[in-house]
>>> print(open('structure-v8.cif').read())   # mmCIF, C-alpha atoms and all ligand atoms
data_start
#
loop_
_atom_site.label_atom_id
_atom_site.label_comp_id
_atom_site.auth_asym_id
_atom_site.auth_seq_id
_atom_site.Cartn_x
_atom_site.Cartn_y
_atom_site.Cartn_z
CA MET A 1348 10.17 21.61 -5.06
CA LEU A 1349 7.69 21.58 -2.20
CA THR A 1350 8.47 23.24 1.13
CA GLU A 1351 7.12 22.45 4.60
CA GLU A 1352 6.01 26.10 5.03
CA GLU A 1353 4.05 26.14 1.77
CA ILE A 1354 2.40 22.85 2.64
CA ALA A 1355 1.55 24.03 6.17
CA SER A 1356 -0.04 27.17 4.69
CA VAL A 1357 -2.72 25.17 2.83
CA VAL A 1358 -3.51 22.71 5.64
CA LYS A 1359 -6.32 23.94 7.86
CA GLY A 1360 -7.68 20.81 9.57
CA ASP A 1361 -7.92 20.39 13.30
CA ILE A 1362 -7.43 16.60 13.07
CA ILE A 1363 -5.81 15.89 9.71
CA GLY A 1364 -2.64 17.88 9.20
CA ARG A 1365 -2.25 18.99 12.85
CA GLU A 1366 1.37 18.34 12.00
CA VAL A 1367 2.85 18.13 8.52
CA ILE A 1368 6.25 16.61 7.84
CA TYR A 1369 7.90 17.12 4.47
CA LEU A 1370 10.63 14.80 3.22
CA PRO A 1371 12.49 15.56 -0.04
CA SER A 1372 12.73 11.77 -0.50
CA ALA A 1373 11.27 8.75 1.31
CA ALA A 1374 11.40 5.01 0.66
CA SER A 1375 7.62 4.95 1.18
CA THR A 1376 5.69 7.66 3.02
CA ASN A 1377 3.62 4.91 4.70
CA ASP A 1378 6.81 3.54 6.30
CA SER A 1379 8.03 7.03 7.26
CA ALA A 1380 4.64 7.81 8.79
CA PHE A 1381 4.63 4.60 10.90
CA GLU A 1382 8.19 5.31 12.01
CA ILE A 1383 7.29 8.86 13.07
CA GLY A 1384 4.01 7.72 14.68
CA ARG A 1385 5.75 5.05 16.79
CA ASN A 1386 7.43 7.72 18.86
CA ARG A 1387 4.37 9.91 19.42
CA THR A 1388 1.74 9.63 22.13
CA ASP A 1389 -0.93 11.14 19.88
CA PRO A 1390 0.00 10.48 16.24
CA GLU A 1391 -3.50 10.88 14.79
CA GLY A 1392 -3.62 13.36 11.93
CA ILE A 1393 0.12 13.57 11.24
CA VAL A 1394 0.69 13.96 7.50
CA VAL A 1395 3.95 12.90 5.84
CA VAL A 1396 4.55 14.26 2.33
CA ALA A 1397 7.48 13.30 0.09
CA ASP A 1398 8.59 14.85 -3.18
CA MET A 1399 9.71 11.40 -4.38
CA GLN A 1400 9.72 7.79 -3.19
CA THR A 1401 12.41 5.20 -3.83
CA LYS A 1402 10.24 2.21 -2.81
CA GLY A 1403 6.69 3.47 -3.35
CA ARG A 1404 4.20 0.63 -2.88
CA GLY A 1405 0.86 -0.04 -4.48
CA ARG A 1406 -1.78 -2.57 -3.49
CA LEU A 1407 -1.23 -6.31 -3.98
CA GLY A 1408 2.56 -6.03 -3.73
CA ARG A 1409 2.98 -3.75 -6.71
CA SER A 1410 5.36 -0.83 -6.87
CA TRP A 1411 4.20 2.77 -7.25
CA ILE A 1412 6.31 4.80 -9.65
CA SER A 1413 7.24 7.95 -7.72
CA PRO A 1414 9.50 10.38 -9.63
CA PRO A 1415 10.44 13.77 -8.06
CA GLY A 1416 8.97 17.19 -8.77
CA VAL A 1417 5.68 16.23 -10.37
CA ASN A 1418 3.24 14.17 -8.27
CA LEU A 1419 1.72 13.86 -4.82
CA TYR A 1420 2.81 11.08 -2.44
CA PHE A 1421 1.62 11.39 1.13
CA SER A 1422 0.39 9.42 4.13
CA VAL A 1423 -1.98 10.36 6.92
CA LEU A 1424 -1.82 8.61 10.30
CA LEU A 1425 -5.19 7.74 11.79
CA ASN A 1426 -6.14 6.09 15.03
CA PRO A 1427 -9.89 5.57 14.52
CA PRO A 1428 -11.95 4.76 17.61
CA PHE A 1429 -13.79 1.91 15.88
CA PRO A 1430 -12.75 -1.78 15.71
CA PRO A 1431 -10.52 -3.03 12.83
CA GLU A 1432 -13.40 -4.67 10.95
CA GLU A 1433 -15.26 -1.34 10.94
CA ALA A 1434 -12.13 0.60 10.03
CA SER A 1435 -12.39 -1.00 6.59
CA ILE A 1436 -15.05 1.64 5.78
CA LEU A 1437 -12.03 3.91 5.27
CA THR A 1438 -11.39 2.05 2.00
CA LEU A 1439 -14.59 3.78 0.82
CA ALA A 1440 -14.08 7.06 2.65
CA VAL A 1441 -10.58 7.94 1.45
CA PRO A 1442 -11.21 7.61 -2.32
CA VAL A 1443 -14.43 9.62 -1.89
CA ALA A 1444 -12.41 12.45 -0.36
CA VAL A 1445 -9.69 12.22 -3.01
CA ALA A 1446 -12.07 12.08 -5.99
CA SER A 1447 -14.22 14.94 -4.61
CA ALA A 1448 -11.16 17.12 -4.07
CA ILE A 1449 -9.87 16.45 -7.61
CA ILE A 1450 -13.28 17.39 -9.03
CA THR A 1451 -13.39 20.61 -6.98
CA HIS A 1452 -9.81 21.59 -7.73
CA THR A 1453 -9.53 20.67 -11.42
CA GLY A 1454 -13.09 20.23 -12.70
CA LEU A 1455 -12.03 16.82 -14.06
CA PRO A 1456 -14.62 14.02 -13.77
CA ALA A 1457 -12.72 11.87 -11.24
CA GLN A 1458 -14.33 8.53 -10.42
CA ILE A 1459 -13.63 5.62 -8.10
CA LYS A 1460 -13.02 2.09 -9.31
CA TRP A 1461 -13.48 -0.44 -6.50
CA PRO A 1462 -11.71 -0.67 -4.19
CA ASN A 1463 -9.71 2.50 -4.35
CA ASP A 1464 -8.43 3.49 -7.75
CA ILE A 1465 -8.94 7.08 -8.86
CA ILE A 1466 -9.99 7.04 -12.50
CA ILE A 1467 -10.24 9.88 -15.01
CA HIS A 1468 -11.66 9.27 -18.49
CA GLY A 1469 -11.24 5.52 -17.95
CA LYS A 1470 -7.57 5.61 -16.88
CA LYS A 1471 -5.94 5.45 -13.46
CA ALA A 1472 -4.63 8.74 -12.08
CA GLY A 1473 -4.20 7.78 -8.43
CA GLY A 1474 -4.52 5.14 -5.77
CA VAL A 1475 -4.88 4.59 -2.05
CA LEU A 1476 -2.98 2.11 0.10
CA ILE A 1477 -4.20 1.75 3.70
CA GLU A 1478 -1.95 -0.24 6.01
CA MET A 1479 -2.34 -1.08 9.69
CA LYS A 1480 0.15 -1.62 12.51
CA ALA A 1481 -1.13 -3.18 15.68
CA GLY A 1482 1.64 -3.71 18.21
CA LYS A 1483 1.09 -5.51 21.54
CA THR A 1484 1.30 -2.34 23.53
CA ALA A 1485 1.16 0.31 20.81
CA VAL A 1486 -2.12 1.85 19.79
CA ARG A 1487 -3.63 0.58 16.55
CA LEU A 1488 -2.39 2.90 13.85
CA LEU A 1489 -3.42 3.22 10.23
CA ALA A 1490 -1.30 4.80 7.53
CA VAL A 1491 -3.53 6.08 4.75
CA GLY A 1492 -1.19 6.39 1.76
CA ILE A 1493 -2.31 8.42 -1.23
CA GLY A 1494 -0.51 8.71 -4.56
CA ILE A 1495 -1.73 10.97 -7.37
CA ASN A 1496 -0.21 11.41 -10.81
CA VAL A 1497 -0.44 15.19 -11.00
CA ASN A 1498 1.99 16.71 -13.49
CA MET A 1499 3.75 13.53 -14.61
CA SER A 1500 3.89 12.60 -18.26
CA PRO A 1501 2.58 9.00 -18.47
CA GLY A 1502 5.46 8.45 -20.93
CA VAL A 1503 7.76 7.85 -17.93
CA LEU A 1504 5.72 4.79 -16.88
CA PRO A 1505 6.63 1.27 -18.00
CA SER A 1506 4.72 0.41 -21.17
CA GLU A 1507 2.60 -2.32 -19.53
CA ILE A 1508 0.94 0.17 -17.18
CA ARG A 1509 1.03 3.23 -19.45
CA ARG A 1510 -2.04 2.09 -21.38
CA TYR A 1511 -4.13 2.14 -18.21
CA SER A 1512 -2.61 5.23 -16.58
CA THR A 1513 -2.90 8.96 -16.85
CA SER A 1514 -2.18 12.13 -14.89
CA LEU A 1515 -4.25 15.18 -14.06
CA THR A 1516 -2.19 17.41 -16.33
CA THR A 1517 -2.62 15.01 -19.27
CA GLU A 1518 -6.38 15.05 -18.84
CA LYS A 1519 -6.65 18.77 -18.11
CA GLY A 1520 -4.12 20.00 -20.67
CA GLU A 1521 -2.47 22.36 -18.17
CA SER A 1522 -0.23 22.02 -15.14
CA ILE A 1523 -1.84 21.63 -11.74
CA ASN A 1524 -0.75 23.26 -8.46
CA ARG A 1525 0.27 20.25 -6.34
CA ILE A 1526 0.20 22.07 -3.02
CA ALA A 1527 -3.24 23.60 -3.50
CA LEU A 1528 -4.55 20.15 -4.52
CA LEU A 1529 -2.97 18.59 -1.43
CA GLY A 1530 -4.73 21.20 0.75
CA GLU A 1531 -8.04 20.40 -0.96
CA ILE A 1532 -7.62 16.63 -0.43
CA LEU A 1533 -6.67 16.99 3.24
CA ALA A 1534 -9.70 19.25 3.85
CA ALA A 1535 -11.97 16.70 2.13
CA LEU A 1536 -10.43 13.90 4.21
CA GLU A 1537 -11.03 15.84 7.40
CA HIS A 1538 -14.67 16.37 6.43
CA THR A 1539 -15.21 12.69 5.51
CA TYR A 1540 -13.40 11.42 8.61
CA LYS A 1541 -15.48 13.64 10.91
CA ASN A 1542 -18.66 12.27 9.26
CA LEU A 1543 -17.45 8.76 10.05
CA LEU A 1544 -16.66 9.70 13.65
CA HIS A 1545 -20.30 10.85 13.86
CA ASP A 1546 -21.35 7.47 12.45
CA ASN A 1547 -22.70 8.96 9.22
CA LYS A 1548 -21.96 5.86 7.11
CA ARG A 1549 -25.05 6.11 4.92
CA ALA A 1550 -24.07 9.54 3.59
CA LEU A 1551 -20.61 8.22 2.82
CA ILE A 1552 -21.87 5.13 0.98
CA ASN A 1553 -24.22 7.31 -1.09
CA GLU A 1554 -21.30 9.57 -1.98
CA TRP A 1555 -19.20 6.54 -2.94
CA LEU A 1556 -22.04 5.21 -5.11
CA ARG A 1557 -22.37 8.60 -6.81
CA LEU A 1558 -18.66 8.73 -7.63
CA ASN A 1559 -17.98 5.10 -8.54
CA CYS A 1560 -17.64 3.60 -12.03
CA THR A 1561 -17.84 -0.08 -10.97
CA ILE A 1562 -21.37 -0.84 -9.79
CA GLY A 1563 -23.81 -1.95 -12.47
CA ASN A 1564 -21.07 -3.21 -14.79
CA ARG A 1565 -20.13 -6.71 -15.76
CA VAL A 1566 -16.83 -7.29 -13.99
CA SER A 1567 -14.19 -9.85 -13.40
CA VAL A 1568 -12.49 -9.65 -10.01
CA ARG A 1569 -9.12 -11.26 -9.53
CA ASN A 1570 -8.63 -12.23 -5.90
CA GLN A 1571 -5.27 -14.01 -5.47
CA ASP A 1572 -5.71 -17.16 -7.58
CA ARG A 1573 -9.49 -16.86 -7.92
CA ILE A 1574 -11.45 -14.99 -10.57
CA ILE A 1575 -15.02 -14.01 -9.77
CA SER A 1576 -17.15 -12.87 -12.69
CA GLY A 1577 -20.59 -11.32 -12.66
CA ILE A 1578 -22.36 -8.03 -12.23
CA ALA A 1579 -20.99 -5.63 -9.62
CA ASP A 1580 -24.16 -5.31 -7.61
CA GLY A 1581 -23.34 -3.20 -4.60
CA ILE A 1582 -21.08 -2.40 -1.70
CA THR A 1583 -21.22 -3.33 1.99
CA GLU A 1584 -20.63 -1.02 4.96
CA ARG A 1585 -17.24 -2.70 5.29
CA GLY A 1586 -16.22 -1.66 1.81
CA GLU A 1587 -16.65 -5.14 0.29
CA LEU A 1588 -17.88 -5.56 -3.28
CA ILE A 1589 -21.02 -7.64 -3.90
CA VAL A 1590 -20.82 -9.56 -7.18
CA ARG A 1591 -23.89 -11.33 -8.63
CA ARG A 1592 -22.91 -14.34 -10.71
CA VAL A 1593 -24.91 -15.49 -13.74
CA THR A 1594 -26.36 -18.24 -11.53
CA GLY A 1595 -27.95 -15.49 -9.44
CA GLU A 1596 -25.80 -16.25 -6.38
CA THR A 1597 -24.02 -13.30 -4.84
CA GLU A 1598 -20.49 -13.25 -3.53
CA THR A 1599 -18.94 -10.68 -1.21
CA VAL A 1600 -15.35 -9.84 -2.13
CA ARG A 1601 -12.98 -8.17 0.35
CA ALA A 1602 -9.97 -7.52 -1.87
CA GLY A 1603 -8.91 -7.89 -5.46
CA ASP A 1604 -8.52 -6.21 -8.80
CA VAL A 1605 -11.52 -5.34 -10.90
CA THR A 1606 -11.63 -5.44 -14.67
CA ILE A 1607 -14.72 -3.77 -16.05
CA LEU A 1608 -15.88 -5.81 -19.04
CA LYS A 1609 -16.92 -3.47 -21.79
CA ASP A 1610 -19.38 -5.63 -23.75
CA ASN A 1611 -22.09 -5.09 -21.13
C1 LIG A 1701 -2.53 1.49 -5.58
O1 LIG A 1701 -3.30 1.99 -6.40
O2 LIG A 1701 -2.07 0.35 -5.76
C2 LIG A 1701 -2.18 2.28 -4.35
C3 LIG A 1701 -1.08 3.27 -4.59
C4 LIG A 1701 -0.70 4.04 -3.34
C5 LIG A 1701 0.53 4.89 -3.53
C6 LIG A 1701 0.79 5.76 -2.33
S1 LIG A 1701 2.04 6.97 -2.64
C7 LIG A 1701 2.06 7.39 -0.94
C8 LIG A 1701 1.98 6.09 -0.17
N1 LIG A 1701 3.29 5.50 -0.02
C9 LIG A 1701 3.39 4.34 -0.69
O3 LIG A 1701 4.42 3.63 -0.72
N2 LIG A 1701 2.24 4.05 -1.29
C10 LIG A 1701 1.24 5.06 -1.06
#
>>> encode(input="structure-v8.cif", output="structure tokens", more="lines below")
Ligand code: BTN
Amino acid sequence: MLTEEEIASVVKGDIIGREVIYLPSAASTNDSAFEIGRNRTDPEGIVVVADMQTKGRGRLGRSWISPPGVNLYFSVLLNPPFPPEEASILTLAVPVAVASAIITHTGLPAQIKWPNDIIIHGKKAGGVLIEMKAGKTAVRLLAVGIGINVNMSPGVLPSEIRRYSTSLTTEKGESINRIALLGEILAALEHTYKNLLHDNKRALINEWLRLNCTIGNRVSVRNQDRIISGIADGITERGELIVRRVTGETETVRAGDVTILKDN
């Protein structure tokens, strides 16, 4: 089990983790974070961590399997001073922080698959779900939700996703200290977020390019009912993927699911 004191002891940031709330169980930490943030005048940096989730969500309406005692599920509230269209750079920034922290903490070669899957040895070990609430009077608030398969055996996952999924312990062959890893990720997030506040987007994009496993590959991107195929050619400052079709035309994709085609 995690405890609030243990978690607080590894969180050193002066923005992210100014306050840490631990819940033994949450429906979704993104919902809990919004709920908590609604009643605060300055919610930026509040971190909500749960040991398990009963309605964990993934991107594109999927569920996120969230058993107790093994993984990390947490959300960070942010109130960035830039407009919503620029806030989409966080879809690049957050996975950079998560992948860097995993590399530092475990030595595993974590990579990013666009937009925000955390991949180790070709399989998914974590994901990021960023949601926004913009009330009429309330400040614009983002919940940055992060889920990492830490000590879970992929055997507990439904068979259709097991083939594509892994956990840090499976890849490392030993159990991983969840709390120390959480501290590492929050410190990396603080560092990346401060860079963004100082408008250092170029450094961030370079870091994303260094850590990604998407660009340069032949891909097929499923975006609702459309499939866009071509070479993943680059990334925009808004976190969009640039795909070059065989015709030579390029298309900028805001959201979707990437399949990397292996016969490249
Ligand atoms: C994805 O890869 O589809 C994103 C997964 C995000 C899961 C995390 S777990 C903490 C937070 N609460 C949720 O309900 N989802 C995110």
>>> residues_near_ligand(input="structure-v8.cif", ligand="ligand LIG 1701 (chain A)", cutoff="6 Å", atoms="all atoms listed in the file", output="list in words")
Ser1375, Thr1376, Asn1377, Gly1403, Arg1404, Gly1405, Arg1406, Trp1411, Tyr1420, Phe1421, Ser1422, Asp1464, Gly1474, Val1475, Leu1476, Gly1492, Ile1493 and Gly1494 of chain A
>>> atom_distance(input="structure-v8.cif", atom1="CA of Ile1450 (chain A)", atom2="CA of Arg1601 (chain A)")
27.2 Å
>>> atom_distance(input="structure-v8.cif", atom1="CA of Ile1412 (chain A)", atom2="CA of Ile1508 (chain A)")
10.3 Å
>>> residues_around(input="structure-v8.cif", residues="Asp1398 (chain A)", least_positions_apart="5", cutoff="9 Å", atoms="all atoms listed in the file", output="PyMOL selection string")
chain A and resi 1348-1349+1369-1373+1413-1421
>>> atom_distance(input="structure-v8.cif", atom1="CA of Val1423 (chain A)", atom2="CA of Val1395 (chain A)")
6.5 Å
>>> closest_residue(input="structure-v8.cif", among="A:Ala1434, A:Glu1587, A:Gly1473, A:Ile1526", to="Glu1351 (chain A)", atoms="all atoms listed in the file")
A:Ile1526
>>> closest_residue(input="structure-v8.cif", among="A:Leu1455, A:Phe1381, A:Leu1407, A:Val1441", to="Glu1537 (chain A)", atoms="all atoms listed in the file")
A:Val1441
>>> residues_around(input="structure-v8.cif", residues="Val1590 (chain A)", least_positions_apart="2", cutoff="12 Å", atoms="only C-alpha atoms", output="ChimeraX atom specification")
/A:1461,1561-1568,1574-1583,1587-1588,1592-1601,1605
>>> residues_around(input="structure-v8.cif", residues="Asp1546 (chain A)", least_positions_apart="4", cutoff="12 Å", atoms="all atoms listed in the file", output="number ranges by chain")
A: 1427-1429, 1433-1434, 1436, 1539-1542, 1550-1552, 1584
>>> closest_residue(input="structure-v8.cif", among="A:Thr1438, A:Val1445, A:Pro1430, A:Ala1490", to="Ile1383 (chain A)", atoms="all atoms listed in the file")
A:Ala1490
>>> closest_residue(input="structure-v8.cif", among="A:Asp1572, A:Ile1363, A:Leu1437, A:Val1497", to="Gly1603 (chain A)", atoms="only C-alpha atoms")
A:Asp1572
>>> closest_residue(input="structure-v8.cif", among="A:Val1367, A:Ile1354, A:Ile1477, A:Ile1589", to="Asn1463 (chain A)", atoms="all atoms listed in the file")
A:Ile1477
>>> closest_residue(input="structure-v8.cif", among="A:Arg1409, A:Asp1604, A:Arg1585, A:Gly1520", to="Pro1431 (chain A)", atoms="all atoms listed in the file")
A:Arg1585
>>> residues_around(input="structure-v8.cif", residues="Lys1480 (chain A)", least_positions_apart="3", cutoff="12 Å", atoms="all atoms listed in the file", output="JSON, numbers by chain")
{"A": [1377, 1378, 1380, 1381, 1382, 1384, 1385, 1424, 1425, 1426, 1431, 1477, 1483, 1484, 1485, 1486, 1487, 1488, 1489, 1490, 1491]}
>>> residues_around(input="structure-v8.cif", residues="Ser1500 (chain A)", least_positions_apart="3", cutoff="9 Å", atoms="only C-alpha atoms", output="short mmCIF file (atom, residue, chain, number, x, y, z; two decimals) with C-alpha atoms, keeping the file's coordinate frame")
data_model
loop_
_atom_site.label_atom_id
_atom_site.label_comp_id
_atom_site.auth_asym_id
_atom_site.auth_seq_id
_atom_site.Cartn_x
_atom_site.Cartn_y
_atom_site.Cartn_z
CA VAL A 1417 5.68 16.23 -10.37
CA ASN A 1496 -0.21 11.41 -10.81
CA VAL A 1497 -0.44 15.19 -11.00
CA VAL A 1503 7.76 7.85 -17.93
CA LEU A 1504 5.72 4.79 -16.88
CA THR A 1513 -2.90 8.96 -16.85
CA SER A 1514 -2.18 12.13 -14.89
CA THR A 1516 -2.19 17.41 -16.33
CA THR A 1517 -2.62 15.01 -19.27
#
